[in-house]
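See below for the structure under consideration.
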Amino acid sequence: MDIRRTRYFVALCETLNFSETSRRLGLSQPALSKAIRKLEDEIGGTLIRREGKSTHLTHLGRLMHEQLKKVDESVQRAELTAQRLVNGDMPQIQIAVMCTIGPTRFQTFIQHWCKQNPGIEIVLRNADRDRIDEMLLSGYVDCALVGLSLIHI
């Protein structure tokens with residue numbers, strides 16, 4: 001699947017307007033339409049339905065929008081990471097920390113780890129029980145520190 005096409009589709013889902021989306025992306029409208037048709041061919045079904053001046057997502061389009069938005073966000077993070085590494089910026093490890101776990105409980109561990117791994121920044125993200133799975137699955141964080149009540153054994 002072509003990453004550009006998925007990005008175009010995600011952008012189109014925001015406006016449901018080919019003209020507006022093509023302006024935002026800096027593409028011609030025919031180029032955007034062609035990219036969406038090719039994506040539909042790759043997926044094997046219709047994503048967008050045009051009915052006169054009205055455009056809407058099909059059922060498949062709604063499902064694919066959810067998935068492809070996550071892919072696009074992941075690709076954007078990968079691009080940013082690559083750019084930061086190429087430019088010599090400090091890489092980061094994003095850690096979600098359940099709001100009930102105070103950072104002082106693992107501060108010594110993090111200090112020791114940072115001494116052993118200079119040049120890597122640790123970013124702690126406060127997370128509540130309902131968001132940790134989403135943060136991990138979306139790639140927003142690399143790992144999570146959770147209370148035992150969240151772990152399903």
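Quick note on naming: the chains in the structure tokens go A, B, ... in the order shown, residues restart at 1 in each chain, and ligands are numbered from 1 in order of appearance.
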Sel. of strand (DSSP E or B) residues, chain A, as a ChimeraX atom specification: /A:48-51,54-57,92-98,121-127,143-145
Backbone-only DSSP, alpha helix (DSSP H) members of stretch 6-129 of chain A, as JSON, numbers by chain: {"A": [6, 7, 8, 9, 10, 11, 12, 13, 14, 15, 18, 19, 20, 21, 22, 23, 24, 25, 29, 30, 31, 32, 33, 34, 35, 36, 37, 38, 39, 40, 41, 42, 43, 59, 60, 61, 62, 63, 64, 65, 66, 67, 68, 69, 70, 71, 72, 73, 74, 75, 76, 77, 78, 79, 80, 81, 82, 83, 84, 85, 86, 107, 108, 109, 110, 111, 112, 113, 114, 115, 116]}
Need to verify the contact set: A:Asp142, 9 Å, only C-alpha atoms, exclusion of same-chain residues closer than 6 positions in sequence. Can you return it as a tab-separated table (two decimals) with all heavy atoms, in the first residue's frame?
chain	number	residue	atom	x	y	z
A	93	ILE	N	12.76	8.03	24.37
A	93	ILE	CA	11.92	6.89	24.71
A	93	ILE	C	10.72	7.48	25.44
A	93	ILE	O	10.87	8.17	26.45
A	93	ILE	CB	12.66	5.87	25.60
A	93	ILE	CG1	13.82	5.26	24.84
A	93	ILE	CG2	11.69	4.81	26.10
A	93	ILE	CD1	14.64	4.29	25.65
A	94	GLN	N	9.54	7.23	24.91
A	94	GLN	CA	8.30	7.75	25.49
A	94	GLN	C	7.71	6.67	26.39
A	94	GLN	O	7.46	5.56	25.95
A	94	GLN	CB	7.30	8.08	24.37
A	94	GLN	CG	7.81	9.04	23.34
A	94	GLN	CD	7.67	10.49	23.78
A	94	GLN	OE1	6.81	10.82	24.58
A	94	GLN	NE2	8.52	11.34	23.24
A	95	ILE	N	7.50	7.01	27.66
A	95	ILE	CA	6.96	6.05	28.62
A	95	ILE	C	5.66	6.60	29.21
A	95	ILE	O	5.64	7.69	29.77
A	95	ILE	CB	7.96	5.78	29.77
A	95	ILE	CG1	9.30	5.28	29.20
A	95	ILE	CG2	7.37	4.78	30.76
A	95	ILE	CD1	10.39	5.13	30.25
A	96	ALA	N	4.59	5.83	29.05
A	96	ALA	CA	3.33	6.18	29.70
A	96	ALA	C	3.39	5.68	31.14
A	96	ALA	O	3.78	4.55	31.39
A	96	ALA	CB	2.16	5.53	28.98
A	135	MET	N	-2.52	4.47	23.85
A	135	MET	CA	-1.21	5.10	23.69
A	135	MET	C	-0.18	4.08	23.19
A	135	MET	O	0.65	4.40	22.33
A	135	MET	CB	-0.76	5.73	25.00
A	135	MET	CG	-1.60	6.93	25.42
A	135	MET	SD	-1.27	7.49	27.10
A	135	MET	CE	0.20	8.49	26.80
A	136	LEU	N	-0.24	2.88	23.72
A	136	LEU	CA	0.70	1.83	23.30
A	136	LEU	C	0.41	1.36	21.87
A	136	LEU	O	1.32	1.28	21.04
A	136	LEU	CB	0.65	0.64	24.26
A	136	LEU	CG	1.33	0.83	25.60
A	136	LEU	CD1	0.90	-0.25	26.56
A	136	LEU	CD2	2.84	0.86	25.45
Excluding A:Val10 and residues on its chain fewer than 4 positions from it, collect all residues at most 8 Å away from it, counting only C-alpha atoms, and give them as a PDB file with N, CA and C atoms, in the first residue's frame.
ATOM      1  N   THR A   6      -2.389   6.625   1.384  1.00  0.00           N
ATOM      2  CA  THR A   6      -3.060   6.540   2.682  1.00  0.00           C
ATOM      3  C   THR A   6      -3.125   7.921   3.332  1.00  0.00           C
ATOM      4  N   GLU A  14     -10.995  14.128   6.446  1.00  0.00           N
ATOM      5  CA  GLU A  14     -11.197  15.295   7.304  1.00  0.00           C
ATOM      6  C   GLU A  14     -12.156  16.303   6.678  1.00  0.00           C
ATOM      7  N   HIS A  65     -10.573   4.340   7.448  1.00  0.00           N
ATOM      8  CA  HIS A  65     -10.107   5.630   7.970  1.00  0.00           C
ATOM      9  C   HIS A  65      -9.484   5.449   9.347  1.00  0.00           C
ATOM     10  N   LEU A  68      -6.122   3.491   8.796  1.00  0.00           N
ATOM     11  CA  LEU A  68      -5.111   4.225   8.029  1.00  0.00           C
ATOM     12  C   LEU A  68      -4.671   5.504   8.725  1.00  0.00           C
ATOM     13  N   LYS A  69      -5.528   6.057   9.556  1.00  0.00           N
ATOM     14  CA  LYS A  69      -5.123   7.226  10.352  1.00  0.00           C
ATOM     15  C   LYS A  69      -4.016   6.819  11.316  1.00  0.00           C
ATOM     16  N   ASP A  72      -0.879   6.413   9.280  1.00  0.00           N
ATOM     17  CA  ASP A  72      -0.329   7.724   8.925  1.00  0.00           C
ATOM     18  C   ASP A  72       0.376   8.357  10.117  1.00  0.00           C
TER      19      ASP A  72
END
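A straight line drawn from atom CA of A:Asp2 to atom CA of A:Ile36 is 10.7 Å long.
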Long-range neighbours of stretch 25-35 of chain A as number ranges by chain, 12 Å cut-off, only C-alpha atoms, 3 positions minimum in chain: A: 1-12, 15, 17-22, 38-42, 47-50
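Using only C-alpha atoms, the shortest contact distance between A:Met64 and any of A:Gly44, A:Val123, A:Ile101, A:Asn87 is found at A:Gly44.
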Interatomic distance (Å, one decimal) between atom CA of A:Val146 and atom CA of A:Asp128: 9.3 Å
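Atom pair atom CA of A:Asp133 / atom CA of A:Leu145: separated by 11.5 Å.
Nearest residue to A:Asn117 among A:Cys13, A:Pro91, A:Val97, A:Val141 is A:Pro91, counting only C-alpha atoms.
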Which of A:Gly61, A:Gly119, A:Gly147, A:Gly88 sits closest to A:Leu16 [using only C-alpha atoms]: A:Gly61
